[in-house]
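**Q** One file: coords_15.cif (mmCIF, C-alpha atoms).
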```
data_target
#
loop_
_atom_site.group_PDB
_atom_site.id
_atom_site.type_symbol
_atom_site.label_atom_id
_atom_site.label_comp_id
_atom_site.auth_asym_id
_atom_site.auth_seq_id
_atom_site.Cartn_x
_atom_site.Cartn_y
_atom_site.Cartn_z
ATOM 1 C CA MET M 201 0.000 0.000 0.000
ATOM 2 C CA LYS M 202 1.551 3.299 -1.156
ATOM 3 C CA LYS M 203 0.655 6.471 0.716
ATOM 4 C CA ASP M 204 0.490 8.364 -2.573
ATOM 5 C CA ASP M 205 -2.541 6.247 -3.534
ATOM 6 C CA LEU M 206 -4.331 7.524 -0.422
ATOM 7 C CA GLN M 207 -3.712 11.232 -0.913
ATOM 8 C CA GLN M 208 -7.344 12.401 -0.870
ATOM 9 C CA GLY M 209 -8.057 10.675 2.421
ATOM 10 C CA ARG M 210 -4.765 11.865 3.887
ATOM 11 C CA GLU M 211 -5.669 15.472 3.089
ATOM 12 C CA LEU M 212 -8.888 15.168 5.109
ATOM 13 C CA LEU M 213 -7.055 13.469 7.978
ATOM 14 C CA ALA M 214 -4.663 16.416 8.060
ATOM 15 C CA LYS M 215 -7.499 18.941 8.559
ATOM 16 C CA PRO M 216 -10.097 17.374 10.873
ATOM 17 C CA VAL M 217 -13.260 19.361 11.453
ATOM 18 C CA LEU M 218 -13.553 18.639 15.200
ATOM 19 C CA PRO M 219 -11.159 21.416 16.311
ATOM 20 C CA LEU M 220 -13.380 23.873 14.425
ATOM 21 C CA VAL M 221 -16.517 22.299 15.909
ATOM 22 C CA SER M 222 -15.137 22.672 19.428
ATOM 23 C CA MET M 223 -14.400 26.333 18.700
ATOM 24 C CA VAL M 224 -17.931 26.926 17.403
ATOM 25 C CA GLN M 225 -19.471 25.118 20.398
ATOM 26 C CA PHE M 226 -17.600 27.313 22.846
ATOM 27 C CA LEU M 227 -18.420 30.568 21.041
ATOM 28 C CA PHE M 228 -22.079 29.666 20.600
ATOM 29 C CA LEU M 229 -22.723 28.431 24.126
ATOM 30 C CA THR M 230 -20.925 31.334 25.805
ATOM 31 C CA GLY M 231 -21.780 34.162 23.399
ATOM 32 C CA PRO M 232 -24.885 36.176 22.408
ATOM 33 C CA PHE M 233 -25.836 33.978 19.465
ATOM 34 C CA ALA M 234 -29.295 32.590 18.703
ATOM 35 C CA THR M 235 -28.123 30.067 16.109
ATOM 36 C CA VAL M 236 -24.978 28.128 15.317
ATOM 37 C CA ALA M 237 -25.079 29.494 11.774
ATOM 38 C CA GLU M 238 -24.478 32.997 13.144
ATOM 39 C CA VAL M 239 -21.235 31.857 14.755
ATOM 40 C CA ILE M 240 -20.022 30.154 11.589
ATOM 41 C CA ASP M 241 -20.828 33.232 9.492
ATOM 42 C CA GLU M 242 -18.666 35.420 11.753
ATOM 43 C CA LEU M 243 -15.602 33.176 11.770
ATOM 44 C CA PRO M 244 -12.449 34.711 10.286
ATOM 45 C CA GLU M 245 -10.694 33.073 7.362
ATOM 46 C CA PRO M 246 -8.229 31.471 7.406
ATOM 47 C CA ILE M 247 -8.039 29.918 10.888
ATOM 48 C CA GLU M 248 -4.781 28.446 12.145
ATOM 49 C CA THR M 249 -4.611 25.894 14.972
ATOM 50 C CA GLY M 250 -1.649 24.067 16.418
ATOM 51 C CA TYR M 251 -2.152 21.302 13.859
ATOM 52 C CA ALA M 252 -3.440 22.837 10.642
ATOM 53 C CA VAL M 253 -4.387 25.931 8.673
ATOM 54 C CA TYR M 254 -8.039 25.980 7.596
ATOM 55 C CA GLU M 255 -8.373 28.147 4.494
ATOM 56 C CA GLN M 256 -12.197 27.951 4.311
ATOM 57 C CA PRO M 257 -13.468 27.055 7.811
ATOM 58 C CA ARG M 258 -16.958 28.443 7.172
ATOM 59 C CA ARG M 259 -17.418 26.211 4.146
ATOM 60 C CA GLN M 260 -16.017 23.160 5.957
ATOM 61 C CA LEU M 261 -18.292 23.688 8.967
ATOM 62 C CA GLY M 262 -21.310 24.448 6.793
ATOM 63 C CA ARG M 263 -21.354 20.835 5.648
ATOM 64 C CA TYR M 264 -22.109 19.779 9.234
ATOM 65 C CA LEU M 265 -24.539 22.554 10.182
ATOM 66 C CA ALA M 266 -27.518 20.196 10.541
ATOM 67 C CA LEU M 267 -25.521 18.080 13.011
ATOM 68 C CA LEU M 268 -24.594 21.163 15.043
ATOM 69 C CA ARG M 269 -28.139 22.491 15.468
ATOM 70 C CA PRO M 270 -28.931 20.350 18.566
ATOM 71 C CA LEU M 271 -26.661 22.781 20.420
ATOM 72 C CA GLU M 272 -29.401 25.356 19.942
ATOM 73 C CA GLU M 273 -31.822 23.176 21.906
ATOM 74 C CA VAL M 274 -29.493 22.768 24.858
ATOM 75 C CA LYS M 275 -28.922 26.535 24.915
ATOM 76 C CA ARG M 276 -32.703 26.978 25.140
ATOM 77 C CA GLY M 277 -32.751 24.637 28.125
ATOM 78 C CA ILE M 278 -34.090 21.542 26.345
ATOM 79 C CA PRO M 279 -32.278 18.530 27.835
ATOM 80 C CA PRO M 280 -30.952 15.731 25.587
ATOM 81 C CA SER M 281 -33.145 12.628 25.475
ATOM 82 C CA CYS M 282 -30.187 10.238 25.618
ATOM 83 C CA ARG M 283 -28.566 9.144 28.879
ATOM 84 C CA VAL M 284 -24.763 9.346 28.940
ATOM 85 C CA VAL M 285 -22.541 8.263 31.832
ATOM 86 C CA ASP M 286 -18.858 8.650 32.658
ATOM 87 C CA GLU M 287 -16.333 5.831 33.088
ATOM 88 C CA GLU M 288 -17.600 5.164 36.626
ATOM 89 C CA GLY M 289 -21.240 4.989 35.504
ATOM 90 C CA ALA M 290 -22.338 8.355 36.904
ATOM 91 C CA ASP M 291 -24.833 10.362 34.838
ATOM 92 C CA LEU M 292 -23.371 13.398 33.092
ATOM 93 C CA ASP M 293 -24.943 16.846 32.932
ATOM 94 C CA GLY M 294 -27.048 17.907 29.953
ATOM 95 C CA MET M 295 -24.431 20.255 28.478
ATOM 96 C CA THR M 296 -21.737 17.550 28.460
ATOM 97 C CA VAL M 297 -24.166 15.051 26.986
ATOM 98 C CA ALA M 298 -25.308 17.421 24.224
ATOM 99 C CA THR M 299 -21.804 18.387 23.155
ATOM 100 C CA ALA M 300 -20.633 14.744 23.204
ATOM 101 C CA LEU M 301 -23.573 13.684 21.029
ATOM 102 C CA VAL M 302 -22.746 16.433 18.535
ATOM 103 C CA LEU M 303 -19.073 15.467 18.409
ATOM 104 C CA GLN M 304 -19.956 11.800 17.868
ATOM 105 C CA GLN M 305 -22.299 12.621 14.980
ATOM 106 C CA VAL M 306 -19.901 15.019 13.281
ATOM 107 C CA LEU M 307 -16.971 12.646 13.675
ATOM 108 C CA ALA M 308 -19.018 9.768 12.246
ATOM 109 C CA ALA M 309 -19.963 11.849 9.203
ATOM 110 C CA GLU M 310 -16.404 13.000 8.552
ATOM 111 C CA LEU M 311 -14.934 9.522 9.029
ATOM 112 C CA GLU M 312 -17.490 8.068 6.626
ATOM 113 C CA GLU M 313 -16.016 10.257 3.904
ATOM 114 C CA ILE M 314 -12.414 9.638 4.960
ATOM 115 C CA ASN M 315 -12.856 5.873 5.137
ATOM 116 C CA SER M 316 -14.520 5.804 1.725
ATOM 117 C CA LEU M 317 -11.633 7.727 0.158
ATOM 118 C CA LEU M 318 -9.061 5.457 1.801
ATOM 119 C CA CYS M 319 -10.882 2.181 1.195
ATOM 120 C CA ALA M 320 -11.520 2.516 -2.539
ATOM 121 C CA PRO M 321 -7.848 2.480 -3.676
ATOM 122 C CA CYS M 322 -7.076 -0.621 -1.582
ATOM 123 C CA GLY M 323 -9.098 -3.102 -3.616
ATOM 124 C CA CYS M 324 -9.461 -5.020 -0.343
ATOM 125 C CA THR M 325 -12.324 -7.360 0.651
ATOM 126 C CA LEU M 326 -11.182 -7.961 4.232
ATOM 127 C CA CYS M 327 -14.432 -6.562 5.684
ATOM 128 C CA CYS M 328 -16.601 -8.686 3.379
ATOM 129 C CA ILE M 329 -15.431 -12.256 4.013
ATOM 130 C CA GLY M 330 -15.520 -14.693 6.909
ATOM 131 C CA PRO M 331 -12.474 -16.048 8.780
ATOM 132 C CA ASP M 332 -9.982 -18.154 6.885
ATOM 133 C CA SER M 333 -8.307 -21.330 8.137
ATOM 134 C CA THR M 334 -5.488 -19.408 9.842
ATOM 135 C CA MET M 335 -7.797 -17.371 12.086
ATOM 136 C CA VAL M 336 -9.085 -18.283 15.529
ATOM 137 C CA GLN M 337 -12.545 -16.785 14.983
ATOM 138 C CA GLU M 338 -15.433 -19.003 13.907
ATOM 139 C CA PHE M 339 -17.344 -16.117 12.321
ATOM 140 C CA PHE M 340 -17.416 -12.370 11.779
ATOM 141 C CA GLU M 341 -20.424 -10.193 12.536
ATOM 142 C CA ILE M 342 -21.668 -7.171 10.571
ATOM 143 C CA PRO M 343 -24.300 -5.267 12.619
ATOM 144 C CA LEU M 344 -27.243 -3.992 10.576
ATOM 145 C CA GLN M 345 -30.063 -1.545 11.078
ATOM 146 C CA GLU M 346 -33.562 -2.970 10.607
ATOM 147 C CA GLN M 347 -34.109 -1.383 7.186
ATOM 148 C CA GLU M 348 -30.700 -2.521 5.935
ATOM 149 C CA THR M 349 -31.698 -6.187 5.993
ATOM 150 C CA ALA M 350 -33.589 -5.521 2.747
ATOM 151 C CA LEU M 351 -30.199 -5.179 1.032
ATOM 152 C CA PHE M 352 -29.701 -8.939 1.447
ATOM 153 C CA PRO M 353 -32.821 -10.504 -0.147
ATOM 154 C CA ALA M 354 -31.147 -13.836 -0.927
ATOM 155 C CA ALA M 355 -29.601 -14.387 2.506
ATOM 156 C CA PRO M 356 -31.364 -16.882 4.801
ATOM 157 C CA ARG M 357 -32.954 -15.318 7.881
ATOM 158 C CA PHE M 358 -32.991 -16.660 11.404
ATOM 159 C CA ALA M 359 -35.263 -15.182 14.059
ATOM 160 C CA SER M 360 -36.519 -17.001 17.150
ATOM 161 C CA ALA M 361 -37.247 -16.450 20.815
ATOM 162 C CA GLU M 362 -33.985 -18.245 21.624
ATOM 163 C CA LEU M 363 -31.872 -15.955 19.438
ATOM 164 C CA ALA M 364 -33.680 -12.885 20.791
ATOM 165 C CA ARG M 365 -32.335 -13.723 24.259
ATOM 166 C CA HIS M 366 -28.728 -13.679 23.063
ATOM 167 C CA ARG M 367 -26.081 -11.706 21.250
ATOM 168 C CA ALA M 368 -23.753 -13.127 18.637
ATOM 169 C CA MET M 369 -20.720 -12.702 20.876
ATOM 170 C CA ASP M 370 -22.190 -14.390 23.973
ATOM 171 C CA GLU M 371 -19.782 -16.839 25.577
ATOM 172 C CA GLU M 372 -22.145 -19.752 24.990
ATOM 173 C CA ALA M 373 -23.147 -19.778 21.345
ATOM 174 C CA PRO M 374 -26.922 -20.008 20.665
ATOM 175 C CA ARG M 375 -27.922 -23.034 18.617
ATOM 176 C CA VAL M 376 -29.929 -23.320 15.409
ATOM 177 C CA ASP M 377 -31.219 -26.775 14.418
ATOM 178 C CA GLY M 378 -29.129 -28.312 17.180
ATOM 179 C CA ARG M 379 -25.834 -26.753 16.051
ATOM 180 C CA PRO M 380 -23.956 -23.543 16.941
ATOM 181 C CA PHE M 381 -25.488 -20.753 14.855
ATOM 182 C CA TYR M 382 -22.250 -20.212 12.931
ATOM 183 C CA ALA M 383 -21.924 -23.877 11.857
ATOM 184 C CA MET M 384 -23.382 -23.350 8.411
ATOM 185 C CA GLN M 385 -21.985 -23.177 4.907
ATOM 186 C CA GLU M 386 -23.266 -19.723 3.961
ATOM 187 C CA SER M 387 -23.729 -16.278 5.407
ATOM 188 C CA GLY M 388 -27.072 -15.392 6.954
ATOM 189 C CA LEU M 389 -29.103 -12.727 8.755
ATOM 190 C CA PHE M 390 -29.758 -13.221 12.469
ATOM 191 C CA ARG M 391 -32.018 -11.243 14.790
ATOM 192 C CA TRP M 392 -30.402 -10.921 18.211
ATOM 193 C CA GLN M 393 -31.265 -9.220 21.475
ATOM 194 C CA ASN M 394 -29.576 -6.076 20.155
ATOM 195 C CA GLY M 395 -30.947 -6.254 16.595
ATOM 196 C CA TRP M 396 -30.034 -7.748 13.231
ATOM 197 C CA SER M 397 -26.591 -8.696 11.973
ATOM 198 C CA LEU M 398 -25.064 -10.485 9.009
ATOM 199 C CA ILE M 399 -23.014 -13.472 10.152
ATOM 200 C CA LEU M 400 -20.075 -14.565 7.996
ATOM 201 C CA PRO M 401 -18.949 -18.067 9.062
ATOM 202 C CA ARG M 402 -15.607 -19.536 8.042
ATOM 203 C CA ALA M 403 -14.826 -19.454 4.315
ATOM 204 C CA THR M 404 -18.015 -17.507 3.446
ATOM 205 C CA ARG M 405 -18.517 -14.087 1.910
ATOM 206 C CA CYS M 406 -21.054 -11.295 1.991
ATOM 207 C CA PRO M 407 -23.934 -12.135 -0.398
ATOM 208 C CA ASN M 408 -23.380 -8.777 -2.084
ATOM 209 C CA LEU M 409 -19.686 -9.331 -2.800
ATOM 210 C CA GLU M 410 -19.132 -10.169 -6.456
ATOM 211 C CA GLU M 411 -16.341 -12.484 -7.615
ATOM 212 C CA SER M 412 -14.562 -9.417 -8.988
ATOM 213 C CA GLY M 413 -14.419 -7.960 -5.470
ATOM 214 C CA ARG M 414 -17.012 -5.263 -6.182
ATOM 215 C CA CYS M 415 -20.015 -4.639 -3.946
ATOM 216 C CA ARG M 416 -23.435 -4.982 -5.616
ATOM 217 C CA VAL M 417 -25.023 -2.432 -3.282
ATOM 218 C CA TYR M 418 -22.083 -0.074 -2.796
ATOM 219 C CA ALA M 419 -24.128 3.117 -3.257
ATOM 220 C CA ASP M 420 -26.686 1.936 -0.664
ATOM 221 C CA ARG M 421 -24.373 -0.157 1.537
ATOM 222 C CA PRO M 422 -25.073 -0.436 5.300
ATOM 223 C CA ALA M 423 -23.853 2.284 7.628
ATOM 224 C CA VAL M 424 -21.230 0.014 9.218
ATOM 225 C CA CYS M 425 -19.724 -0.617 5.771
ATOM 226 C CA ARG M 426 -19.339 3.124 5.220
ATOM 227 C CA ARG M 427 -17.001 3.438 8.202
ATOM 228 C CA PRO M 428 -14.808 0.418 7.599
ATOM 229 C CA GLN M 429 -11.822 0.621 9.930
ATOM 230 C CA ILE M 430 -11.544 4.032 11.599
ATOM 231 C CA PHE M 431 -14.443 4.360 14.028
ATOM 232 C CA PRO M 432 -15.751 7.267 16.128
ATOM 233 C CA TYR M 433 -15.622 6.278 19.773
ATOM 234 C CA VAL M 434 -16.599 9.478 21.540
ATOM 235 C CA LEU M 435 -19.518 7.460 22.917
ATOM 236 C CA GLU M 436 -20.057 3.725 23.230
ATOM 237 C CA PRO M 437 -23.446 2.020 23.723
ATOM 238 C CA LEU M 438 -23.981 0.559 27.165
ATOM 239 C CA GLU M 439 -24.792 -3.107 27.476
ATOM 240 C CA GLY M 440 -28.456 -4.009 27.650
ATOM 241 C CA GLY M 441 -29.897 -2.371 24.564
ATOM 242 C CA ALA M 442 -29.355 -0.680 21.251
ATOM 243 C CA GLU M 443 -27.682 2.718 21.060
ATOM 244 C CA GLY M 444 -29.883 5.376 22.631
ATOM 245 C CA GLU M 445 -31.969 2.919 24.674
ATOM 246 C CA ALA M 446 -29.769 1.703 27.517
ATOM 247 C CA GLY M 447 -27.668 4.838 27.208
ATOM 248 C CA GLN M 448 -24.053 5.483 26.306
ATOM 249 C CA ARG M 449 -20.686 5.916 28.000
ATOM 250 C CA LEU M 450 -18.385 8.851 27.306
ATOM 251 C CA ARG M 451 -15.073 7.560 25.952
ATOM 252 C CA ARG M 452 -13.565 10.415 23.897
ATOM 253 C CA ALA M 453 -11.623 8.016 21.699
ATOM 254 C CA LEU M 454 -11.009 6.912 18.146
ATOM 255 C CA LEU M 455 -10.733 3.232 17.231
ATOM 256 C CA ALA M 456 -8.554 2.148 14.284
ATOM 257 C CA VAL M 457 -8.382 -1.513 13.220
ATOM 258 C CA VAL M 458 -4.879 -2.398 12.100
ATOM 259 C CA ASP M 459 -5.928 -5.428 10.037
ATOM 260 C CA CYS M 460 -6.876 -2.871 7.391
ATOM 261 C CA PRO M 461 -4.092 -2.029 4.910
ATOM 262 C CA TYR M 462 -4.713 1.711 4.963
ATOM 263 C CA VAL M 463 -4.830 1.890 8.763
ATOM 264 C CA GLU M 464 -1.482 0.119 8.988
ATOM 265 C CA ALA M 465 -0.024 2.440 6.325
ATOM 266 C CA LEU M 466 -1.347 5.620 7.973
ATOM 267 C CA ARG M 467 -0.755 5.010 11.687
ATOM 268 C CA ASP M 468 1.083 8.317 12.114
ATOM 269 C CA GLU M 469 -1.545 10.305 10.225
ATOM 270 C CA ILE M 470 -4.392 8.714 12.213
ATOM 271 C CA ALA M 471 -2.578 9.381 15.498
ATOM 272 C CA ALA M 472 -2.125 13.042 14.502
ATOM 273 C CA TYR M 473 -5.811 13.262 13.521
ATOM 274 C CA GLY M 474 -6.821 11.935 16.942
ATOM 275 C CA ALA M 475 -4.484 14.339 18.735
ATOM 276 C CA ALA M 476 -5.924 17.299 16.808
ATOM 277 C CA CYS M 477 -9.427 16.170 17.830
ATOM 278 C CA GLU M 478 -8.312 15.686 21.463
ATOM 279 C CA LEU M 479 -9.272 12.022 21.322
ATOM 280 C CA ASP M 480 -7.416 8.956 22.562
ATOM 281 C CA VAL M 481 -6.488 6.738 19.620
ATOM 282 C CA ILE M 482 -6.863 2.981 20.068
ATOM 283 C CA PHE M 483 -5.115 0.794 17.493
ATOM 284 C CA ARG M 484 -6.508 -2.731 17.676
ATOM 285 C CA GLN M 485 -6.330 -5.953 15.723
ATOM 286 C CA ASN M 486 -9.769 -7.323 14.938
ATOM 287 C CA LYS M 487 -9.024 -10.514 13.002
ATOM 288 C CA SER M 488 -6.373 -13.003 14.080
#
```
Please lay out the structure from this file as structure tokens.
**A**
Amino acid sequence: MKKDDLQQGRELLAKPVLPLVSMVQFLFLTGPFATVAEVIDELPEPIETGYAVYEQPRRQLGRYLALLRPLEEVKRGIPPSCRVVDEEGADLDGMTVATALVLQQVLAAELEEINSLLCAPCGCTLCCIGPDSTMVQEFFEIPLQEQETALFPAAPRFASAELARHRAMDEEAPRVDGRPFYAMQESGLFRWQNGWSLILPRATRCPNLEESGRCRVYADRPAVCRRPQIFPYVLEPLEGGAEGEAGQRLRRALLAVVDCPYVEALRDEIAAYGAACELDVIFRQNKS
């Protein structure tokens, strides 16, 4: 993997939007502004931080304006509907919760674009196939939103009261037809306690992966496939429910999976991106 092939993604990594977002949050919440747009309109150009020079900060922030508007609600005294706790499990105040939710959403949107730019030149199918014979895992799981299951019309579906009491990664594997759920010869959709996922057992592939390595549904691919290997980890869902139900824990981190060729090639750039965003960067191997 040559870094020159990843230039577009590298350029975005070098100028993350979160430092600008943090600036706008502070100015809006402490100043005499009725809307976030007013703050953005008054920003000088260019803006220089300790990490980068932003030639057109107003234009860059304008792309995320819809994700910043919840700050207007918290300034009007409307509390966030989501529960967020700290590392010790204590509930956080509404202002901290609101700003964390905004940062998570903005980071997810920016990383979706960055990951897409970095993933395309790789020609890699690592995220789309099950474990091979050298790996210890019996299967890989791709979490799906309810509506995304329609993207896999040919995949067999498994939904039962037994499966609904479990998660795919439970220590004791749920059974289907008397066998562990992953002991099948093809990929399939399973409905768990925490929702649907596509299970890729050993030596299987995503039903939408063509022999050429292209994705049949690339333009409409699931959300998890749009953020392949650099993940926003400002918040993590708490155990016991889907995101937003049981609540979330404040982590202020970025997760990068080093199995991915572009993550391994761009460790320094990803670390600098995380530092500019004031996030801890966690490099982790996912497949072994």
**Q** Go through M:Glu338, M:Glu469, M:Asp420, M:Asp377 and flag the residue nearest Tyr251 of chain M, using all atoms listed in the file for the distances.
**A**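 Smallest separation from Tyr251 of chain M among the options: M:Glu469.
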**Q** Any chance you could resolve the PyMOL selection byres ((chain M and resi 309) around 10) against this file and give the residues as a ChimeraX atom specification?
**A** /M:263-264,267,303-308,310-314,426-427,432
**Q** So which residues touch segment 330-334 of chain M within 6 Å, counting only C-alpha atoms, skipping near sequence neighbours fewer than 5 positions away, as a ChimeraX atom specification?
**A** /M:339-340,400-405
**Q** Take the PyMOL selection byres ((chain M and resi 382) around 10), run it mentally on this structure, and tell me the resulting residues as number ranges by chain.
**A** M: 338-340, 368, 373-376, 379-381, 383-388, 399-402
**Q** Could you save the residues just selected, with C-alpha atoms, as a PDB file, in the coordinates of the input?
**A**
```pdb
ATOM      1  CA  GLU M 338     -15.433 -19.003  13.907  1.00  0.00           C
ATOM      2  CA  PHE M 339     -17.344 -16.117  12.321  1.00  0.00           C
ATOM      3  CA  PHE M 340     -17.416 -12.370  11.779  1.00  0.00           C
ATOM      4  CA  ALA M 368     -23.753 -13.127  18.637  1.00  0.00           C
ATOM      5  CA  ALA M 373     -23.147 -19.778  21.345  1.00  0.00           C
ATOM      6  CA  PRO M 374     -26.922 -20.008  20.665  1.00  0.00           C
ATOM      7  CA  ARG M 375     -27.922 -23.034  18.617  1.00  0.00           C
ATOM      8  CA  VAL M 376     -29.929 -23.320  15.409  1.00  0.00           C
ATOM      9  CA  ARG M 379     -25.834 -26.753  16.051  1.00  0.00           C
ATOM     10  CA  PRO M 380     -23.956 -23.543  16.941  1.00  0.00           C
ATOM     11  CA  PHE M 381     -25.488 -20.753  14.855  1.00  0.00           C
ATOM     12  CA  ALA M 383     -21.924 -23.877  11.857  1.00  0.00           C
ATOM     13  CA  MET M 384     -23.382 -23.350   8.411  1.00  0.00           C
ATOM     14  CA  GLN M 385     -21.985 -23.177   4.907  1.00  0.00           C
ATOM     15  CA  GLU M 386     -23.266 -19.723   3.961  1.00  0.00           C
ATOM     16  CA  SER M 387     -23.729 -16.278   5.407  1.00  0.00           C
ATOM     17  CA  GLY M 388     -27.072 -15.392   6.954  1.00  0.00           C
ATOM     18  CA  ILE M 399     -23.014 -13.472  10.152  1.00  0.00           C
ATOM     19  CA  LEU M 400     -20.075 -14.565   7.996  1.00  0.00           C
ATOM     20  CA  PRO M 401     -18.949 -18.067   9.062  1.00  0.00           C
ATOM     21  CA  ARG M 402     -15.607 -19.536   8.042  1.00  0.00           C
TER      22      ARG M 402
END
```
**Q** Could you tell me which of M:Pro246, M:Pro422, M:Gly231, M:Pro461 comes closest to Pro321 of chain M if we count all atoms listed in the file?
**A**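 Once distances to Pro321 of chain M are computed over all atoms listed in the file, the minimum belongs to M:Pro461.
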**Q** One number please: atom CA of Ala298 of chain M to atom CA of Pro279 of chain M, in Å, one decimal.
**A**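 Separation of atom CA of Ala298 of chain M and atom CA of Pro279 of chain M: 7.9 Å.
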**Q** Please determine, counting only C-alpha atoms, which residue among M:Leu229, M:Cys322, M:Lys275, M:Gln485 has the shortest atom-to-atom distance to Leu206 of chain M.
**A**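 Using only C-alpha atoms, Leu206 of chain M sits closest to M:Cys322.
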**Q** Quote the spacing between atom CA of Ala456 of chain M and atom CA of Ala214 of chain M in Å to one decimal place.
**A**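 Computing it gives 16.0 Å between the two atoms.
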**Q** One number please: atom CA of Glu273 of chain M to atom CA of Met223 of chain M, in Å, one decimal.
**A** 18.0 Å
**Q** Using only C-alpha atoms, which of M:Gly262, M:Pro353, M:Gly250, M:Pro257 sits nearest Ala237 of chain M?
**A**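 Between M:Gly262, M:Pro353, M:Gly250, M:Pro257, the residue approaching Ala237 of chain M most closely is M:Gly262.
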**Q** Please expand the PyMOL selection byres ((chain M and resi 413) around 9) into the concrete residues it hits in this file, giving the result as number ranges by chain.
**A** M: 323-325, 409-412, 414-415
**Q** Could you check the closest approach to Cys460 of chain M for each of M:Gly378, M:Asn315, M:Leu292, M:Ser360 and tell me which residue wins, using only C-alpha atoms?
**A**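 With only C-alpha atoms as the atom set, the closest residue is M:Asn315.
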**Q** Box for segment 277-292 of chain M: with edges along x, y and z, all listed atoms inside and 5 Å added on each side, what are the centre and edge lengths in Å to one decimal, as AutoDock Vina command-line options?
**A**
```
--center_x -25.2 --center_y 14.8 --center_z 31.2 --size_x 27.8 --size_y 29.6 --size_z 21.4
```
**Q** Find the residue from M:Glu242, M:Glu346, M:Val253, M:Leu261 that sits nearest to Leu227 of chain M; use all atoms listed in the file when measuring.
**A**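 Distance minimum relative to Leu227 of chain M lands on M:Glu242.
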**Q** Would you kindly return, as a PDB file with C-alpha atoms, in the coordinates of the input, each protein, DNA or RNA residue with an atom no farther than 8 Å from any atom of Asp480 of chain M, considering all atoms listed in the file and excluding same-chain residues fewer than 2 positions away?
**A**
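Wrote it out as selection39.pdb, contents follow:
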```pdb
ATOM      1  CA  ARG M 452     -13.565  10.415  23.897  1.00  0.00           C
ATOM      2  CA  ALA M 453     -11.623   8.016  21.699  1.00  0.00           C
ATOM      3  CA  LEU M 454     -11.009   6.912  18.146  1.00  0.00           C
ATOM      4  CA  GLY M 474      -6.821  11.935  16.942  1.00  0.00           C
ATOM      5  CA  ALA M 475      -4.484  14.339  18.735  1.00  0.00           C
ATOM      6  CA  GLU M 478      -8.312  15.686  21.463  1.00  0.00           C
ATOM      7  CA  ILE M 482      -6.863   2.981  20.068  1.00  0.00           C
TER       8      ILE M 482
END
```
**Q** Leu389 of chain M: which residues within 8 Å, counting all atoms listed in the file, same-chain residues fewer than 2 positions away excluded, as an NGL selection string?
**A** :M and (349 or 355-358 or 387 or 391 or 396-399)
